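Trainee: Contents are compact mmCIF, C-alpha atoms; file name work_33.txt:
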```txt
# COMPACT_ATOMS: atom_id res chain seq x y z
CA MET F 1 119.32 70.57 50.16
CA ILE F 2 120.26 73.55 52.26
CA SER F 3 123.20 75.56 50.89
CA LEU F 4 126.42 75.93 52.87
CA LYS F 5 125.92 79.70 53.17
CA LYS F 6 122.40 79.27 54.46
CA PHE F 7 123.55 76.61 56.91
CA ILE F 8 126.28 78.91 58.26
CA PHE F 9 123.81 81.79 58.51
CA VAL F 10 121.28 79.71 60.48
CA PHE F 11 124.09 78.33 62.66
CA LEU F 12 125.33 81.82 63.53
CA ILE F 13 121.80 82.99 64.31
CA LEU F 14 121.34 80.08 66.71
CA ILE F 15 124.66 80.82 68.43
CA PHE F 16 123.74 84.49 68.78
CA ALA F 17 120.33 83.61 70.23
CA ALA F 18 121.91 81.21 72.72
CA GLN F 19 124.45 83.82 73.80
CA ALA F 20 121.74 86.45 74.17
CA SER F 21 119.65 84.06 76.23
CA THR F 22 122.60 83.25 78.49
CA ALA F 23 123.45 86.91 78.91
CA GLN F 24 119.86 87.66 79.80
CA LYS F 25 119.86 84.91 82.43
CA GLU F 26 123.08 86.29 83.90
CA LYS F 27 121.49 89.63 84.66
CA ILE F 28 119.74 90.25 87.95
CA VAL F 29 117.33 93.12 88.42
CA PHE F 30 117.32 94.67 91.89
CA ALA F 31 114.51 97.21 92.29
CA ILE F 32 114.32 99.89 94.95
CA SER F 33 110.99 101.40 95.96
CA PRO F 34 110.64 105.19 95.77
CA MET F 35 110.81 105.83 99.52
CA ALA F 36 113.29 108.64 98.83
CA SER F 37 113.54 110.63 95.60
CA PRO F 38 114.95 108.85 92.51
CA VAL F 39 118.06 111.07 92.59
CA SER F 40 118.71 110.35 96.27
CA THR F 41 118.15 106.63 95.74
CA LEU F 42 120.54 106.45 92.79
CA SER F 43 123.18 108.42 94.71
CA SER F 44 122.83 106.26 97.83
CA TYR F 45 122.57 102.81 96.25
CA SER F 46 124.82 102.89 93.17
CA ASP F 47 127.84 101.60 95.13
CA PHE F 48 125.64 98.97 96.81
CA ILE F 49 124.48 97.66 93.42
CA SER F 50 128.06 97.64 92.09
CA TYR F 51 129.16 95.69 95.15
CA LEU F 52 126.43 93.08 94.64
CA SER F 53 127.47 92.73 91.00
CA GLU F 54 131.07 92.12 91.98
CA LYS F 55 130.34 89.63 94.76
CA THR F 56 127.70 87.63 92.88
CA GLY F 57 129.69 87.64 89.65
CA THR F 58 126.52 88.72 87.89
CA LYS F 59 125.52 92.05 86.38
CA ILE F 60 123.00 93.67 88.74
CA ILE F 61 120.68 96.26 87.24
CA LEU F 62 119.06 98.86 89.49
CA LYS F 63 115.47 99.69 88.57
CA GLN F 64 113.27 102.37 90.04
CA ARG F 65 109.61 103.11 89.52
CA ARG F 66 107.36 105.94 90.62
CA LYS F 67 104.84 103.75 92.48
CA TYR F 68 105.24 100.85 94.90
CA SER F 69 102.66 98.89 92.90
CA GLU F 70 104.90 99.14 89.83
CA ILE F 71 107.79 97.60 91.79
CA ASN F 72 105.46 94.81 92.90
CA SER F 73 104.43 94.24 89.30
CA LEU F 74 108.09 93.73 88.34
CA LEU F 75 108.50 91.23 91.18
CA GLU F 76 105.28 89.37 90.39
CA THR F 77 106.22 88.84 86.75
CA GLY F 78 109.87 88.05 87.46
CA LYS F 79 111.09 91.15 85.65
CA ALA F 80 112.81 92.00 88.93
CA GLN F 81 114.30 89.26 91.09
CA PHE F 82 114.88 91.30 94.24
CA ALA F 83 113.83 94.61 95.74
CA LEU F 84 114.35 96.79 98.77
CA THR F 85 110.80 97.83 99.38
CA CYS F 86 108.39 99.47 101.77
CA THR F 87 106.79 97.29 104.45
CA GLY F 88 103.31 98.06 103.15
CA ALA F 89 104.29 97.05 99.62
CA PHE F 90 105.84 93.82 100.91
CA LEU F 91 102.64 92.90 102.76
CA ASP F 92 100.52 93.73 99.71
CA GLY F 93 102.73 91.56 97.50
CA LYS F 94 102.79 88.76 100.06
CA TYR F 95 99.00 88.47 100.09
CA LYS F 96 98.49 89.01 96.36
CA PHE F 97 101.21 86.88 94.75
CA GLY F 98 103.39 85.30 97.43
CA LEU F 99 106.17 87.88 97.65
CA GLU F 100 108.80 86.59 100.06
CA LEU F 101 111.25 88.04 102.56
CA LEU F 102 114.95 87.58 101.81
CA ALA F 103 116.82 89.70 104.36
CA VAL F 104 116.12 92.44 106.87
CA PRO F 105 118.33 95.49 107.46
CA VAL F 106 119.31 96.40 111.00
CA ILE F 107 119.51 100.18 111.41
CA ASP F 108 120.69 101.78 114.64
CA GLY F 109 120.39 98.36 116.25
CA ARG F 110 116.72 98.00 115.32
CA THR F 111 114.67 95.98 112.84
CA SER F 112 111.73 98.35 113.18
CA TYR F 113 110.79 101.88 112.18
CA ASN F 114 107.93 104.33 112.72
CA SER F 115 105.56 106.65 110.97
CA TYR F 116 105.92 110.31 111.86
CA ILE F 117 102.95 112.65 111.51
CA ILE F 118 104.46 116.03 110.72
CA VAL F 119 103.25 119.62 110.30
CA ASN F 120 104.92 122.87 109.36
CA LYS F 121 107.10 124.26 112.13
CA LYS F 122 105.10 127.51 112.15
CA SER F 123 101.77 125.69 112.41
CA LYS F 124 99.74 125.85 115.61
CA ILE F 125 98.61 122.25 115.14
CA GLU F 126 99.74 120.13 118.09
CA ASN F 127 98.03 116.77 117.47
CA PHE F 128 96.43 114.69 114.73
CA SER F 129 92.88 115.52 115.84
CA GLN F 130 93.49 119.15 114.87
CA LEU F 131 93.86 118.32 111.18
CA PRO F 132 90.20 118.29 110.04
CA GLY F 133 89.64 120.48 107.02
CA LYS F 134 93.37 120.56 106.27
CA VAL F 135 95.44 119.43 103.28
CA PHE F 136 97.30 116.16 103.95
CA ALA F 137 100.06 114.51 101.93
CA PHE F 138 100.21 110.73 101.55
CA THR F 139 103.27 109.04 100.08
CA ASP F 140 101.86 106.11 98.10
CA PRO F 141 98.66 104.03 98.25
CA LEU F 142 100.64 101.00 99.50
CA SER F 143 102.85 102.87 101.96
CA LEU F 144 102.53 101.65 105.55
CA THR F 145 104.04 104.70 107.21
CA GLY F 146 103.00 107.16 104.51
CA ARG F 147 99.33 106.21 104.22
CA LEU F 148 98.09 103.19 106.15
CA TYR F 149 99.11 104.50 109.57
CA PRO F 150 97.21 107.82 109.28
CA LEU F 151 94.23 105.88 107.89
CA SER F 152 94.35 103.65 110.96
CA LEU F 153 94.19 106.77 113.15
CA LEU F 154 91.11 107.91 111.25
CA ASN F 155 89.57 104.45 111.74
CA THR F 156 89.95 104.73 115.49
CA MET F 157 88.23 108.12 115.27
CA GLY F 158 85.39 106.64 113.22
CA VAL F 159 85.84 108.96 110.23
CA LYS F 160 86.89 108.55 106.60
CA GLN F 161 89.70 110.51 105.00
CA GLU F 162 87.38 112.39 102.62
CA GLU F 163 85.26 113.48 105.58
CA PHE F 164 88.24 114.52 107.71
CA PHE F 165 90.68 116.20 105.31
CA ARG F 166 89.77 118.98 102.92
CA LYS F 167 92.18 117.58 100.36
CA THR F 168 94.72 114.77 100.09
CA PHE F 169 97.35 114.02 97.47
CA TYR F 170 100.17 111.55 96.83
CA THR F 171 103.78 112.74 96.61
CA SER F 172 105.37 109.39 95.52
CA SER F 173 108.19 109.66 98.12
CA HIS F 174 108.63 110.44 101.81
CA GLU F 175 111.25 113.00 100.90
CA LYS F 176 108.73 114.89 98.77
CA SER F 177 106.10 114.64 101.51
CA ILE F 178 108.47 116.29 103.97
CA LYS F 179 109.29 119.03 101.46
CA SER F 180 105.57 119.55 100.74
CA VAL F 181 104.91 120.29 104.41
CA ALA F 182 108.05 122.41 104.71
CA LYS F 183 106.96 124.54 101.74
CA GLY F 184 103.36 124.85 102.93
CA LEU F 185 101.88 122.80 100.09
CA ALA F 186 100.37 120.47 102.71
CA ASP F 187 99.34 121.14 106.29
CA GLY F 188 100.45 117.69 107.37
CA ALA F 189 101.92 114.42 106.18
CA ALA F 190 102.81 110.92 107.35
CA VAL F 191 106.41 109.93 106.66
CA ASP F 192 108.96 107.19 107.18
CA SER F 193 111.13 107.78 110.27
CA LEU F 194 114.20 106.36 108.48
CA ILE F 195 113.92 108.87 105.62
CA PHE F 196 113.24 111.67 108.09
CA LYS F 197 116.33 110.84 110.16
CA ASN F 198 118.49 110.48 107.07
CA MET F 199 117.42 113.89 105.77
CA MET F 200 118.18 115.30 109.22
CA ARG F 201 121.61 113.63 109.18
CA MET F 202 122.31 115.12 105.75
CA GLY F 203 121.31 118.60 106.91
CA ASN F 204 118.39 118.87 104.49
CA PRO F 205 116.84 122.32 105.10
CA ALA F 206 113.29 120.95 104.78
CA ILE F 207 113.70 119.21 108.15
CA GLU F 208 114.23 122.56 109.85
CA ASN F 209 110.78 123.67 108.71
CA VAL F 210 108.71 120.74 109.97
CA ARG F 211 107.69 119.40 113.36
CA ILE F 212 106.69 115.90 114.51
CA ILE F 213 103.34 115.79 116.31
CA LYS F 214 102.82 112.02 116.56
CA ILE F 215 104.93 108.87 116.36
CA SER F 216 103.42 105.49 115.48
CA PRO F 217 104.13 102.19 117.23
CA PRO F 218 107.18 100.36 115.81
CA TYR F 219 106.62 98.32 112.66
CA GLY F 220 108.87 95.83 110.85
CA ILE F 221 111.52 97.68 108.85
CA PRO F 222 111.42 97.86 105.00
CA PRO F 223 112.95 94.52 103.90
CA VAL F 224 114.81 93.06 100.97
CA VAL F 225 112.29 90.85 99.20
CA VAL F 226 112.54 88.19 96.53
CA SER F 227 110.21 87.37 93.67
CA PRO F 228 108.50 83.98 94.07
CA VAL F 229 109.78 83.00 90.61
CA THR F 230 113.45 83.68 91.39
CA GLU F 231 115.59 80.53 91.24
CA LYS F 232 116.68 79.03 94.56
CA SER F 233 120.39 79.22 93.69
CA THR F 234 120.07 82.93 92.86
CA ARG F 235 118.26 83.58 96.15
CA GLU F 236 120.91 81.77 98.15
CA LEU F 237 123.73 83.61 96.41
CA MET F 238 122.19 87.04 97.03
CA LEU F 239 121.38 86.21 100.65
CA THR F 240 124.92 85.00 101.31
CA VAL F 241 126.40 88.21 99.90
CA LEU F 242 124.07 90.41 101.98
CA LEU F 243 124.71 88.54 105.23
CA LYS F 244 128.49 88.61 104.77
CA MET F 245 128.78 92.33 104.00
CA PRO F 246 129.92 93.36 107.52
CA ASP F 247 132.79 90.82 107.33
CA ASP F 248 134.19 92.39 104.16
CA PRO F 249 135.96 95.81 104.40
CA ALA F 250 134.34 97.07 101.18
CA GLY F 251 130.93 95.75 102.21
CA LYS F 252 131.26 97.26 105.68
CA GLU F 253 132.06 100.66 104.17
CA ILE F 254 129.03 100.54 101.88
CA LEU F 255 126.76 99.59 104.78
CA LYS F 256 128.18 102.53 106.71
CA LYS F 257 127.30 104.92 103.86
CA LEU F 258 123.75 103.51 103.82
CA HIS F 259 123.55 103.80 107.63
CA ILE F 260 122.78 100.08 107.84
CA ASP F 261 124.43 98.03 110.59
CA ARG F 262 124.01 94.74 108.78
CA PHE F 263 121.48 92.45 107.10
CA VAL F 264 119.98 89.55 109.06
CA LEU F 265 117.78 86.57 108.29
CA PRO F 266 114.10 87.55 108.27
CA ASN F 267 111.75 86.71 111.10
CA PRO F 268 108.12 86.88 109.90
CA ALA F 269 107.15 87.94 113.43
CA PHE F 270 108.83 91.30 112.74
CA TYR F 271 105.85 92.15 110.52
CA ASN F 272 102.95 90.89 112.64
CA THR F 273 102.07 94.31 114.06
CA ALA F 274 102.12 95.91 110.61
CA ALA F 275 100.04 93.07 109.14
CA LYS F 276 97.39 93.41 111.86
CA MET F 277 97.21 97.18 111.43
CA ARG F 278 96.97 96.82 107.64
CA LYS F 279 94.18 94.26 107.90
CA ALA F 280 92.16 96.35 110.36
CA THR F 281 92.62 99.49 108.28
CA LEU F 282 91.72 98.01 104.89
CA SER F 283 88.87 95.77 106.04
CA PRO F 284 85.46 96.96 104.72
```
What would the structure in this file look like if it were written as structure tokens?

Mentor:
Amino acid sequence: MISLKKFIFVFLILIFAAQASTAQKEKIVFAISPMASPVSTLSSYSDFISYLSEKTGTKIILKQRRKYSEINSLLETGKAQFALTCTGAFLDGKYKFGLELLAVPVIDGRTSYNSYIIVNKKSKIENFSQLPGKVFAFTDPLSLTGRLYPLSLLNTMGVKQEEFFRKTFYTSSHEKSIKSVAKGLADGAAVDSLIFKNMMRMGNPAIENVRIIKISPPYGIPPVVVSPVTEKSTRELMLTVLLKMPDDPAGKEILKKLHIDRFVLPNPAFYNTAAKMRKATLSP
């Protein structure tokens, strides 16, 4: 027979395990792709994450990673339930493991953004075709505005990046790409228009040292996505909170700080142009 002490010990262990399991389930991981620097992201989104925690009644944990593919890995395995991610990363995740749209931010009245090809302000380069033999900064292998768009330009010219550029490198964020060009570490870069405008709004000195030489067509804006393994009730709760933010004074203030007008229901058609460009660019 089992002793009373042993029974109590086993009973307490089971209670602890059940509590730990419940606590784990009550946590939601919201990842944010490294479109800006980690410091800028934490500064900008800490209040947003706290607001989501309060309104959902669930502890929300912000996670960042250096690469978009690492964010997608979290979403694929369910280690992150939601993410605000780059359009290119969303499309990659959609095709590889069924990553889904949850909500779309409206910024300055638009649900689209652009890629800016930039050079140093002192450079004599006036257009993309003048960049052969130069050093070019990409943001991330999955980035639509920071890599796929300039690759699509090279495709239309019938050349490969290793034939066109003398050297390329990845910066891991649009903010760093802009600073790389400003400091002369790269002759050119492709960057997210939203990050560029935000740095301009904040008076970042790097913006004063770069110049835009080409603007891409509009593409669907970086969305909030949801892991395919996230429970339906959790999805619905998060979506409801996001959509109602403009109706709540605290939510409205946080949106204002993020320079987001509001979140709206996703329309897959927003991303058709980006999907077509991605397919044409990555096809063998």

Trainee: Any chance you could tabulate, as a tab-separated table, the residues of segment 184-206 of chain F at most 12 Å from segment 256-276 of chain F with each one's nearest atom pair and distance in Å to one decimal, using only C-alpha atoms, in chain and rising number order?

Mentor:
```
residue	atom	partner	partner_atom	distance
F:Leu194	CA	F:His259	CA	9.7
F:Ile195	CA	F:His259	CA	11.1
F:Lys197	CA	F:His259	CA	10.4
F:Asn198	CA	F:His259	CA	8.4
F:Met199	CA	F:His259	CA	12.0
F:Arg201	CA	F:His259	CA	10.1
F:Met202	CA	F:Lys257	CA	11.5
```

Trainee: Which residues, written as a list in words, have at least one atom at most 8 Å from segment 222-224 of chain F, with all atoms listed in the file counted and residues fewer than 6 positions away on the same chain left out?

Mentor: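 Result of the neighbour search: Phe82, Ala83, Leu84, Thr85, Cys86, Thr87, Phe90, Leu101, Leu102, Ala103, Val104 and Pro105 of chain F.
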
Trainee: Deliver the residues from the most recent selection as a file, using C-alpha atoms, as a PDB file, keeping the file's coordinate frame.

Mentor:
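Generated output (again.pdb):
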```
ATOM      1  CA  PHE F  82     114.880  91.300  94.240  1.00  0.00           C
ATOM      2  CA  ALA F  83     113.830  94.610  95.740  1.00  0.00           C
ATOM      3  CA  LEU F  84     114.350  96.790  98.770  1.00  0.00           C
ATOM      4  CA  THR F  85     110.800  97.830  99.380  1.00  0.00           C
ATOM      5  CA  CYS F  86     108.390  99.470 101.770  1.00  0.00           C
ATOM      6  CA  THR F  87     106.790  97.290 104.450  1.00  0.00           C
ATOM      7  CA  PHE F  90     105.840  93.820 100.910  1.00  0.00           C
ATOM      8  CA  LEU F 101     111.250  88.040 102.560  1.00  0.00           C
ATOM      9  CA  LEU F 102     114.950  87.580 101.810  1.00  0.00           C
ATOM     10  CA  ALA F 103     116.820  89.700 104.360  1.00  0.00           C
ATOM     11  CA  VAL F 104     116.120  92.440 106.870  1.00  0.00           C
ATOM     12  CA  PRO F 105     118.330  95.490 107.460  1.00  0.00           C
TER      13      PRO F 105
END
```

Trainee: To one decimal in Å, tell me the separation between atom CA of Leu62 of chain F and atom CA of Ala80 of chain F.

Mentor: 9.3 Å

Trainee: Excluding Ser193 of chain F and any residue of its chain fewer than 2 positions from it, enumerate the residues within 7 Å of it, using all atoms listed in the file, and give them as an mmCIF file with C-alpha atoms, in the coordinates of the input.

Mentor:
```cif
data_model
loop_
_atom_site.group_PDB
_atom_site.id
_atom_site.type_symbol
_atom_site.label_atom_id
_atom_site.label_comp_id
_atom_site.auth_asym_id
_atom_site.auth_seq_id
_atom_site.Cartn_x
_atom_site.Cartn_y
_atom_site.Cartn_z
ATOM 1 C CA TYR F 113 110.790 101.880 112.180
ATOM 2 C CA ASN F 114 107.930 104.330 112.720
ATOM 3 C CA SER F 115 105.560 106.650 110.970
ATOM 4 C CA TYR F 116 105.920 110.310 111.860
ATOM 5 C CA VAL F 191 106.410 109.930 106.660
ATOM 6 C CA ILE F 195 113.920 108.870 105.620
ATOM 7 C CA PHE F 196 113.240 111.670 108.090
ATOM 8 C CA LYS F 197 116.330 110.840 110.160
#
```

Trainee: Let me make sure I understand: among F:Ile61, F:Thr111, F:Tyr149, F:Lys27, which one has the smallest atom-to-atom distance to Arg278 of chain F if we use only C-alpha atoms?

Mentor: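 Looking at the shortest contact to Arg278 of chain F, the residue is F:Tyr149.
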
Trainee: Pick the closest to Ile178 of chain F from F:Leu242, F:Val135, F:Ala190, F:Leu99: which is it, counting only C-alpha atoms?

Mentor: F:Ala190

Trainee: Please provide as a short mmCIF file (atom, residue, chain, number, x, y, z; two decimals) with C-alpha atoms, in the frame of the given file all residues within 9 Å of Thr77 of chain F, with the sequence filter that same-chain residues fewer than 4 positions apart are discarded (counting all atoms listed in the file).

Mentor:
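As written to disk, selection19.cif reads:
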```
data_model
loop_
_atom_site.label_atom_id
_atom_site.label_comp_id
_atom_site.auth_asym_id
_atom_site.auth_seq_id
_atom_site.Cartn_x
_atom_site.Cartn_y
_atom_site.Cartn_z
CA ASN F 72 105.46 94.81 92.90
CA SER F 73 104.43 94.24 89.30
CA SER F 227 110.21 87.37 93.67
CA VAL F 229 109.78 83.00 90.61
#
```

Trainee: Pick out the closest residue to Arg211 of chain F from this set: F:Asp192, F:Glu163, F:Glu126, F:Asp47. Count only C-alpha atoms.

Mentor: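 Checking each of F:Asp192, F:Glu163, F:Glu126, F:Asp47 against Arg211 of chain F, counting only C-alpha atoms, the winner is F:Glu126.
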
Trainee: In Å, rounded to a single decimal, give me how far atom CA of Gly93 of chain F is from atom CA of Ile221 of chain F.

Mentor: 15.6 Å

Trainee: Just give me the gap between atom CA of Gly188 of chain F and atom CA of Ile118 of chain F in Å, one decimal is fine.

Mentor: 5.5 Å

Trainee: Ranking F:Val226, F:Met200, F:Ile107, F:Leu154 by minimum distance to Ile32 of chain F and counting all atoms listed in the file, which one comes first?

Mentor: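 Selected residue with least distance to Ile32 of chain F: F:Val226.
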
Trainee: Pick from F:Pro132, F:Gly57, F:Gly78, F:Gly158: nearest to Ala31 of chain F, with all atoms listed in the file counted?

Mentor: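 Checking each of F:Pro132, F:Gly57, F:Gly78, F:Gly158 against Ala31 of chain F, counting all atoms listed in the file, the winner is F:Gly78.
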
Trainee: Quick one: 3 Å padding each side, axis-aligned, all listed atoms of segment 240-258 of chain F - centre and edge lengths in Å to one decimal, as JSON?

Mentor:
```
{"center_x": 129.9, "center_y": 95.0, "center_z": 103.7, "size_x": 18.2, "size_y": 25.9, "size_z": 13.6}
```

Trainee: Which residue gives the smallest distance to Leu239 of chain F among F:Arg147, F:Lys55, F:Lys279, F:Arg166, with only C-alpha atoms counted?

Mentor: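 Counting only C-alpha atoms, the residue closest to Leu239 of chain F is F:Lys55.
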